[in-house]
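Trainee: Okay, here's the structure, questions in a sec.
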Amino acid sequence: MQYLPVYLDDAAQKVLVGEIRALVARAPLFTPTMPRWGRPFSVRMSNCGPLGWVSDKSGYRYQPTHPVTGEPWPPIPQSLLDLWDQTTGYALPPEACLINHYSPDARMGLHVDNDEEDFDAPILSVSLGDDARFRLGGRERKDPTRSYTLRSGDLFILDGEDRLAYHGIDKIYPGTSLLLKEPGRINLTMRRVTRAQ
Ligand code: MD6
Ligand code: FE
């Protein structure tokens, strides 16, 4: 992994929040549900890019359209494509950027991101708004974990042997940032989904 604290300064964070507001105006946040049981996530989501990650009773998957509106996802802003190039150096662009919105009581259970075909590509995460406790473990759920406080403007890259490591968000610390209008946190994760043709 690579942890890049305060990579984005205040001005860059503000510009990015404006871009995300425009994205969610076109592709509204939706509430994903767990496969099988249909229990709602506490995190609300949207996406931009040719593909977006969704979850519902039939499972986890990437699809080209919004699950509620049926519209194609809006494109990934150029600033985020540039950030991917600068930090990952990966030859192919990301195809999906998942937008996670956490209200103060939301969390994300330990999971592995393995719905992609291409595990050689890293996943780049951008945090905005309130601080969060991020936990990173190993390839097995029982492996020991280490916690990091992700703050607004921090980047975190899962690559190499950590690409398929368990990770999650245990807690949001409401009121630790004034970036967003209301307490809460936004996390963006950029992913390469398909293998090069
Ligand atoms: C979050 N992040 O920070 C959740 N996934 O809200 C993730 O699930 C994540 O930080 C893949 C790579 C990096 C991440
Ligand atoms: Fe993840």
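Letters for chains follow the order of the structure tokens (A, B, ...), residue numbers begin at 1 for each chain, and ligand numbers begin at 1 in the order shown.
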Return as a list in words every polymer residue, whether protein, DNA or RNA, with at least one atom no more than 7 Å from an atom of ligand 2; count only C-alpha atoms and all ligand atoms.

Mentor: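 So the residues close to ligand 2 are His111, Val112, Asp113, His167 and Gly168 of chain A.
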
Trainee: Could the residues in this selection be written to a file with all heavy atoms, as an mmCIF file, in the first residue's frame?

Mentor:
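Contents of selection18.cif, as written:
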data_model
loop_
_atom_site.group_PDB
_atom_site.id
_atom_site.type_symbol
_atom_site.label_atom_id
_atom_site.label_comp_id
_atom_site.auth_asym_id
_atom_site.auth_seq_id
_atom_site.Cartn_x
_atom_site.Cartn_y
_atom_site.Cartn_z
ATOM 1 N N HIS A 111 -13.830 -5.823 3.997
ATOM 2 C CA HIS A 111 -14.117 -6.442 2.694
ATOM 3 C C HIS A 111 -12.845 -6.469 1.848
ATOM 4 O O HIS A 111 -11.874 -5.783 2.156
ATOM 5 C CB HIS A 111 -15.217 -5.654 1.958
ATOM 6 C CG HIS A 111 -14.777 -4.259 1.558
ATOM 7 N ND1 HIS A 111 -14.856 -3.182 2.417
ATOM 8 C CD2 HIS A 111 -14.231 -3.789 0.406
ATOM 9 C CE1 HIS A 111 -14.386 -2.109 1.802
ATOM 10 N NE2 HIS A 111 -13.993 -2.445 0.578
ATOM 11 N N VAL A 112 -12.917 -7.246 0.775
ATOM 12 C CA VAL A 112 -11.868 -7.259 -0.248
ATOM 13 C C VAL A 112 -12.506 -6.773 -1.539
ATOM 14 O O VAL A 112 -13.625 -7.160 -1.860
ATOM 15 C CB VAL A 112 -11.324 -8.693 -0.454
ATOM 16 C CG1 VAL A 112 -10.354 -8.744 -1.631
ATOM 17 C CG2 VAL A 112 -10.657 -9.212 0.801
ATOM 18 N N ASP A 113 -11.822 -5.911 -2.265
ATOM 19 C CA ASP A 113 -12.329 -5.485 -3.571
ATOM 20 C C ASP A 113 -11.807 -6.470 -4.611
ATOM 21 O O ASP A 113 -10.638 -6.386 -5.015
ATOM 22 C CB ASP A 113 -11.868 -4.050 -3.866
ATOM 23 C CG ASP A 113 -12.572 -3.047 -2.973
ATOM 24 O OD1 ASP A 113 -13.716 -2.719 -3.266
ATOM 25 O OD2 ASP A 113 -11.977 -2.638 -1.955
ATOM 26 N N HIS A 167 -10.073 -4.719 4.244
ATOM 27 C CA HIS A 167 -10.028 -3.353 4.775
ATOM 28 C C HIS A 167 -11.450 -2.869 5.007
ATOM 29 O O HIS A 167 -12.403 -3.439 4.453
ATOM 30 C CB HIS A 167 -9.287 -2.419 3.803
ATOM 31 C CG HIS A 167 -9.917 -2.379 2.447
ATOM 32 N ND1 HIS A 167 -9.694 -3.356 1.500
ATOM 33 C CD2 HIS A 167 -10.808 -1.532 1.894
ATOM 34 C CE1 HIS A 167 -10.405 -3.082 0.421
ATOM 35 N NE2 HIS A 167 -11.098 -1.980 0.638
ATOM 36 N N GLY A 168 -11.588 -1.820 5.813
ATOM 37 C CA GLY A 168 -12.920 -1.274 6.074
ATOM 38 C C GLY A 168 -12.816 0.025 6.850
ATOM 39 O O GLY A 168 -11.720 0.462 7.216
#

Trainee: Find the residues around A:Tyr60 up to 8 Å (only C-alpha atoms counted), leave out those fewer than 6 positions away in its own chain, and share them as a tab-separated table (two decimals) with N, CA and C atoms, in the first residue's frame.

Mentor:
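Contents of out.tsv, as written:
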chain	number	residue	atom	x	y	z
A	35	PRO	N	-26.09	-8.54	-1.00
A	35	PRO	CA	-26.57	-9.71	-1.74
A	35	PRO	C	-27.34	-10.66	-0.81
A	53	TRP	N	-19.72	0.49	-9.72
A	53	TRP	CA	-19.90	-0.67	-8.84
A	53	TRP	C	-21.27	-0.56	-8.16
A	54	VAL	N	-22.03	-1.64	-8.20
A	54	VAL	CA	-23.34	-1.65	-7.53
A	54	VAL	C	-23.48	-2.96	-6.75
A	115	ASP	N	-14.09	-7.66	-7.37
A	115	ASP	CA	-15.05	-7.78	-8.47
A	115	ASP	C	-14.46	-7.34	-9.80

Trainee: Restricting the calculation to only C-alpha atoms and all ligand atoms, which member of A:Leu179, A:Ile20, A:Ala132, A:Ala27 is positioned closest to ligand 1?

Mentor: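 When distances to ligand 1 are compared using only C-alpha atoms and all ligand atoms, the smallest one comes from A:Ala132.
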
Trainee: So that I can see what lies close to A:Tyr3, please list as a PyMOL selection string the residues with an atom at most 7 Å from it, counting only C-alpha atoms and leaving out residues fewer than 3 positions away in the same chain.

Mentor: chain A and resi 155-157

Trainee: DSSP on the backbone, helix (DSSP H, G or I) only: what residues of chain A does that give? Format it as a ChimeraX atom specification.

Mentor: /A:10-26,78-88,160-162
